[in-house]
Amino acid sequence: ENTDDLPNVIVAMAPLLAPLLLLMSALPSGLASDGAAGPYPPLSDAASAVLGDVRSFADLRPCEATSAELARYGPDDALAPCLLYDIRDYVPAGGDGGSPGRRRDQADEAREDDRVESGDSTTSGRAAAADPARSLESEGTAEVSLVQVTPSNCNNHRDGAVTSVGLLNSSNAGRGFGIGYRSAGDVSSGLALGREEGDRSVKFRLVSIVGGNPANVGNDVFTEVHVFLLDSAIRQIGNAAFILGSCSFASWADKPVALENRKVVLSQVGPPGFYDPASNPYVFGIHVNSDTYPLPALSALTFRLQAEGRATSTQQVRALYRDRSEFFKSTCESAVNAARQRGFDVTAIEYNPDGDDDGDGVPNSQDDEHVRALADRLCPPSDGDGTPRGTHHPAIFACVNQEVDVVIGRLRENGCRPVSAWFTTATWGWATANPETIPYFQGGGQWHENFKYGDEFFESGQAVLDYGLEEYGYLGNYDHVVSYAMPMFLAKLLQSYFRVQDSPDVAASLGDGNYEIIRRHLMNINVDTIFGPVSFNEYQRNNGRGAAGTQWIPASSVSSSSSRGSNEDSGEGETTDEATVFKQGCVSPLDQANTAIVIPSPSSSDCDAGSYVNRLSIESEPALLATKCAACPADTFMSVPSSEVQCAACPEGSSTMDESGSTRCVTVEQNLIGGLEYMGYVLVAISWSMSLGYLAWVMLNRKNSVVKISQPEFLVMMCVGAMISSSAIIPWSNAQASVGGDVDAASRNCMTWPWLYSIGWTLMFSSLTAKSVRLNMVATNSMNMQRKTVNAKDMYFIVVIVLLLDIAILTAWTVVDPLQWTRSVVGTSVAEAGVVTIDSFGKCGSSGNMFAFLGPIIAVHVTLIAVTLGLLWKVRNIGDRYQEFKYVAIASVYICELLLLGVPILVAVQDSAPARYIVITGVIFLSDTGVMAFIFLPKIKYAKEGLPEGMSVVESMNLPSTVSQQQRRKSYGISRFSRASTGSDPGTERRTSAGSEPGTERRTS
């Protein structure tokens, strides 16, 4: 049931077996050929040619190749019948009993030599020969022979038994497994504590015959040879008690021999039609019923519908299967019958693979057009009612063979998205040969590597396979595990049968007179083996456990750490689908499962919100059951999970912001300043115009005493500083970015405007500070009657130092934690289905605490204002015409008022970009223009008015303001200064001030 040629082989055997069975009942007992007795037809010439000079079992020669080598024989390799194994380390008391002896191939001998040389005392699967001089019969040990005939290719079916027999025979210090009342009931113990009177044990003799190469001689000829050799061996081996079943089609040849010789055969066949206790009560099946293979998948589907609250009648179940194969037909029919009983909408599609329905001379199974037509019935492109392609979700069961690729290809073309797909090929070599197709396919078999059934020698069947890999040079499949389990099972059968006897007589109990009791005991036994629990139903089929249900699952979902997942003949158990590794997980029986079944398949499941069913993926991607969902393209959306084949377009005015896979369309309230930046540009122009106007006035009136005493160099710096400070409005106007806009440019502008504003403001006020220092020094020198020249350039260092300090802080800020443009969502609202309005807000911000840098800058600026006010306070008594203390103080109060009003407003409107822009722009503009107005407008006024009539410059500096002239003279020594400078004729000073010697005035000033 697990080989690709099985269906054809069984079909080919049917014509042969029918007349063979008829002849068995019609012919009398007698010799069918030399040495072989029984009701069998005479050997054909072809069969006689294959046998050659072999007239009985005793004539067999040892095989010249190992079991694994024989399995590789092809159609061109002739093979004469040979004895592969005769494992017997038992010596009767009277001699060898006519045994042909142990037949060993060269590889076997080499391995035995290796164990001797390495000092390994552990008995291997191929037990070492016992000392010929030792008679175990006298020590209470009996021998029971197991006979098997196999084709050359069935290495797994015979080599597992070799391992099992070797371990059993080596038990209990080489005496075999214990039986009887005194035995502990464990095949590996029971006699280990020492032999007592009445102790009994059993050792198996394993006779394994290779009947030939069916690929070379044909199945019919091989069957004749098989029957002849098996019958001859049983008749010549006196203690032959059980037949170990052969493989595949050859199992049929075991049945007539078992019936004729009345010996139990443990058959390795799954289909139930093989077993009929009424006609042949000696055939027992150790395999579980292959009809149960698809039932776990159907049960999972039923549970899923119940969980969803759906009736089974709403779910289509469609089965496609061959009708010329017991395995294919009965397996899928069991799924069909069970589905009908549960109320599913069932369609059964049965076809003859060997027929030629369209008369084109090509068998149906090889006729691609015919197979595609069958697939159309399995999952049609539409039901003729306009149902769109890709909306069909049947549960598919397919019992097919080589036509599987055509079937699956057609399902893809039809846009089929099955809810599940159970295929016989899912556990065969086809699966690993098609890794891109197999994801999420379900299958069934006899065994799975995750099964944790064990025995006294191995903890699991996988351990048996690992041992076989080392011992025989190949990694076996589940048949190797079954072959191993059969001798173990028979050992436990004998232990169970003799468990109440003190000194059991094995030979007498297995004799013709008592064998029927053994057979009946077999019908009622329940034994745990490495293959799982074994018991038999009324059809003498193993029903100790359920079949192994499998599914190809992502490896991340499978708990087993083994890399092998095959349970039939699929070899390695992993496949890859792009970046996902798929492994054949075990989903049943539940107590052995290592993963949960995935149903419905990703292909039939609704796509998540933000995606849709991609028709192109359905028709082109090889993985039939893998997801067919694709992300919605940009400017389309899918708000809920669905099976829609396209996403909805975003309504006008909304978008997905160039993102795919959207669950909604978005309209974004970006909170940009809009056209307000033009207002900022106008304010910059006004500020620059005022500063340039003041600058022009200074240049035109640079010889005026008001300008001279106010020091024009620093007045020019103040104008330049105001222009730089006001320029900060330009990058501030561009420190924004729309959604998807140039955030980097906005971030650069975020950091540029603090540079311009801070440097401009610092230049403006540091110039005022330097000018105040110079004025203070002149006043102090005049009070001390000292003639000193204080040049403007001597004060430049004050400006430079303050600027450097400001630049250092700004540089650290820019390097360590610069301002960045960031946008955040402040609220969302749903305008209509699938459309969301996002109220977002962008601003310049710092990842850390920006006050770590803004604080020092503010401290520098406040200190600069305080120092300037302090210096001007000292010269506050100079006449209003020249003094600046009052106006700088007013300007400082004015700036504070702007900040006291602006900062709370800025906090209140921080989530509104237009309001925030107006506040900051207003503060920059008003502070620059206000300070300049307070400094320049009084000077322009006094310069325009000129000196009071009859008053010199020096005298004008002493005009009363808030104190009396006498107090001012006393404070600054002006009388002495005047007399010392000009004598008693004030007109002289006046002339000097306005006459031809400006240098004198300059020095005096």
# chains A, B, ... in the order shown; residues from 1 in each chain; ligands from 1

call {"tool": "select_by_dssp", "arguments": {"residues": "range 446-576 of chain A", "states": "strand (DSSP E or B)", "output": "MDAnalysis selection string"}}
result
chainID A and resid 526:529 532:536 541:542 548:554 574:576

call {"tool": "closest_atom_pairs", "arguments": {"of": "range 654-765 of chain A", "to": "range 599-608 of chain A", "cutoff": "12 Å", "atoms": "only C-alpha atoms", "output": "tab-separated table"}}
result
residue	atom	partner	partner_atom	distance
A:Gly661	CA	A:Asp608	CA	9.5
A:Ser662	CA	A:Asp608	CA	10.6
A:Thr663	CA	A:Asp608	CA	9.2

call {"tool": "write_last_selection", "arguments": {"atoms": "C-alpha atoms", "output": "PDB file, in the first residue's frame"}}
result
ATOM      1  CA  GLY A 661      -2.018  46.352   3.024  1.00  0.00           C
ATOM      2  CA  SER A 662      -4.189  49.094   4.487  1.00  0.00           C
ATOM      3  CA  THR A 663      -7.309  48.383   6.487  1.00  0.00           C
TER       4      THR A 663
END

call {"tool": "residues_around", "arguments": {"residues": "Gln462 in chain A", "least_positions_apart": "5", "cutoff": "9 Å", "atoms": "only C-alpha atoms", "output": "PyMOL selection string"}}
result
chain A and resi 448-452+467+478+481

call {"tool": "atom_distance", "arguments": {"atom1": "CA of Gly760 in chain A", "atom2": "CA of Ser727 in chain A"}}
result
8.6 Å

call {"tool": "select_by_dssp", "arguments": {"residues": "range 366-598 of chain A", "states": "alpha helix (DSSP H)", "output": "VMD selection string"}}
result
chain A and resid 368 to 378 404 to 413 429 to 433 461 to 472 478 to 497 506 to 509 515 to 523

call {"tool": "write_last_selection", "arguments": {"atoms": "C-alpha atoms", "output": "PDB file, in the first residue's frame"}}
result
ATOM      1  CA  ASP A 368      -4.166  13.860 -19.224  1.00  0.00           C
ATOM      2  CA  GLU A 369      -7.383  15.115 -20.808  1.00  0.00           C
ATOM      3  CA  HIS A 370      -9.376  12.399 -19.110  1.00  0.00           C
ATOM      4  CA  VAL A 371      -7.721  13.095 -15.747  1.00  0.00           C
ATOM      5  CA  ARG A 372      -8.394  16.839 -16.106  1.00  0.00           C
ATOM      6  CA  ALA A 373     -12.039  16.082 -16.755  1.00  0.00           C
ATOM      7  CA  LEU A 374     -12.116  14.067 -13.533  1.00  0.00           C
ATOM      8  CA  ALA A 375     -10.502  16.996 -11.691  1.00  0.00           C
ATOM      9  CA  ASP A 376     -13.213  19.300 -13.078  1.00  0.00           C
ATOM     10  CA  ARG A 377     -15.763  17.134 -11.309  1.00  0.00           C
ATOM     11  CA  LEU A 378     -13.651  17.179  -8.172  1.00  0.00           C
ATOM     12  CA  VAL A 404      -1.730  13.273  -8.951  1.00  0.00           C
ATOM     13  CA  ASP A 405       0.260  16.034 -10.715  1.00  0.00           C
ATOM     14  CA  VAL A 406      -2.338  16.415 -13.468  1.00  0.00           C
ATOM     15  CA  VAL A 407      -5.154  16.508 -10.911  1.00  0.00           C
ATOM     16  CA  ILE A 408      -3.520  19.213  -8.804  1.00  0.00           C
ATOM     17  CA  GLY A 409      -2.560  21.250 -11.862  1.00  0.00           C
ATOM     18  CA  ARG A 410      -6.164  21.256 -13.010  1.00  0.00           C
ATOM     19  CA  LEU A 411      -7.414  22.262  -9.574  1.00  0.00           C
ATOM     20  CA  ARG A 412      -5.145  25.289  -9.736  1.00  0.00           C
ATOM     21  CA  GLU A 413      -6.408  26.193 -13.194  1.00  0.00           C
ATOM     22  CA  GLY A 429       7.966   9.726  -2.060  1.00  0.00           C
ATOM     23  CA  TRP A 430       5.914  12.085  -4.225  1.00  0.00           C
ATOM     24  CA  ALA A 431       5.571  14.413  -1.259  1.00  0.00           C
ATOM     25  CA  THR A 432       9.264  15.109  -0.749  1.00  0.00           C
ATOM     26  CA  ALA A 433       9.765  15.223  -4.515  1.00  0.00           C
ATOM     27  CA  GLY A 461      10.264   2.917  16.446  1.00  0.00           C
ATOM     28  CA  GLN A 462      12.538   5.734  15.348  1.00  0.00           C
ATOM     29  CA  ALA A 463      15.262   4.237  17.524  1.00  0.00           C
ATOM     30  CA  VAL A 464      14.809   0.978  15.621  1.00  0.00           C
ATOM     31  CA  LEU A 465      15.311   2.819  12.339  1.00  0.00           C
ATOM     32  CA  ASP A 466      18.387   4.573  13.674  1.00  0.00           C
ATOM     33  CA  TYR A 467      19.786   1.208  14.741  1.00  0.00           C
ATOM     34  CA  GLY A 468      18.988  -0.222  11.311  1.00  0.00           C
ATOM     35  CA  LEU A 469      20.810   2.635   9.630  1.00  0.00           C
ATOM     36  CA  GLU A 470      23.970   1.698  11.486  1.00  0.00           C
ATOM     37  CA  GLU A 471      23.501  -2.044  11.146  1.00  0.00           C
ATOM     38  CA  TYR A 472      22.259  -2.409   7.564  1.00  0.00           C
ATOM     39  CA  TYR A 478       7.663   2.034   8.805  1.00  0.00           C
ATOM     40  CA  ASP A 479       7.809  -1.479   7.277  1.00  0.00           C
ATOM     41  CA  HIS A 480      11.118  -1.946   9.074  1.00  0.00           C
ATOM     42  CA  VAL A 481       9.393  -1.136  12.369  1.00  0.00           C
ATOM     43  CA  VAL A 482       6.540  -3.551  11.606  1.00  0.00           C
ATOM     44  CA  SER A 483       9.011  -6.284  10.648  1.00  0.00           C
ATOM     45  CA  TYR A 484      10.822  -5.741  13.944  1.00  0.00           C
ATOM     46  CA  ALA A 485       7.545  -5.822  15.883  1.00  0.00           C
ATOM     47  CA  MET A 486       6.318  -9.172  14.513  1.00  0.00           C
ATOM     48  CA  PRO A 487       8.810 -11.510  16.300  1.00  0.00           C
ATOM     49  CA  MET A 488       8.409  -9.425  19.453  1.00  0.00           C
ATOM     50  CA  PHE A 489       4.653  -9.815  19.203  1.00  0.00           C
ATOM     51  CA  LEU A 490       4.931 -13.593  18.705  1.00  0.00           C
ATOM     52  CA  ALA A 491       7.251 -13.836  21.718  1.00  0.00           C
ATOM     53  CA  LYS A 492       4.636 -12.116  23.866  1.00  0.00           C
ATOM     54  CA  LEU A 493       1.979 -14.373  22.374  1.00  0.00           C
ATOM     55  CA  LEU A 494       3.884 -17.433  23.563  1.00  0.00           C
ATOM     56  CA  GLN A 495       4.531 -15.883  26.957  1.00  0.00           C
ATOM     57  CA  SER A 496       0.849 -15.112  27.323  1.00  0.00           C
ATOM     58  CA  TYR A 497      -0.198 -18.583  26.198  1.00  0.00           C
ATOM     59  CA  VAL A 506       6.449 -25.815  23.478  1.00  0.00           C
ATOM     60  CA  ALA A 507       6.862 -28.444  20.791  1.00  0.00           C
ATOM     61  CA  ALA A 508       3.725 -30.304  21.823  1.00  0.00           C
ATOM     62  CA  SER A 509       1.696 -27.114  22.138  1.00  0.00           C
ATOM     63  CA  TYR A 515      -2.036 -25.418  17.175  1.00  0.00           C
ATOM     64  CA  GLU A 516      -5.674 -24.388  16.880  1.00  0.00           C
ATOM     65  CA  ILE A 517      -5.621 -23.368  20.536  1.00  0.00           C
ATOM     66  CA  ILE A 518      -2.668 -21.074  19.825  1.00  0.00           C
ATOM     67  CA  ARG A 519      -4.573 -19.573  16.884  1.00  0.00           C
ATOM     68  CA  ARG A 520      -7.632 -18.944  19.006  1.00  0.00           C
ATOM     69  CA  HIS A 521      -5.506 -17.391  21.730  1.00  0.00           C
ATOM     70  CA  LEU A 522      -4.123 -15.059  19.097  1.00  0.00           C
ATOM     71  CA  MET A 523      -7.643 -13.872  18.319  1.00  0.00           C
TER      72      MET A 523
END
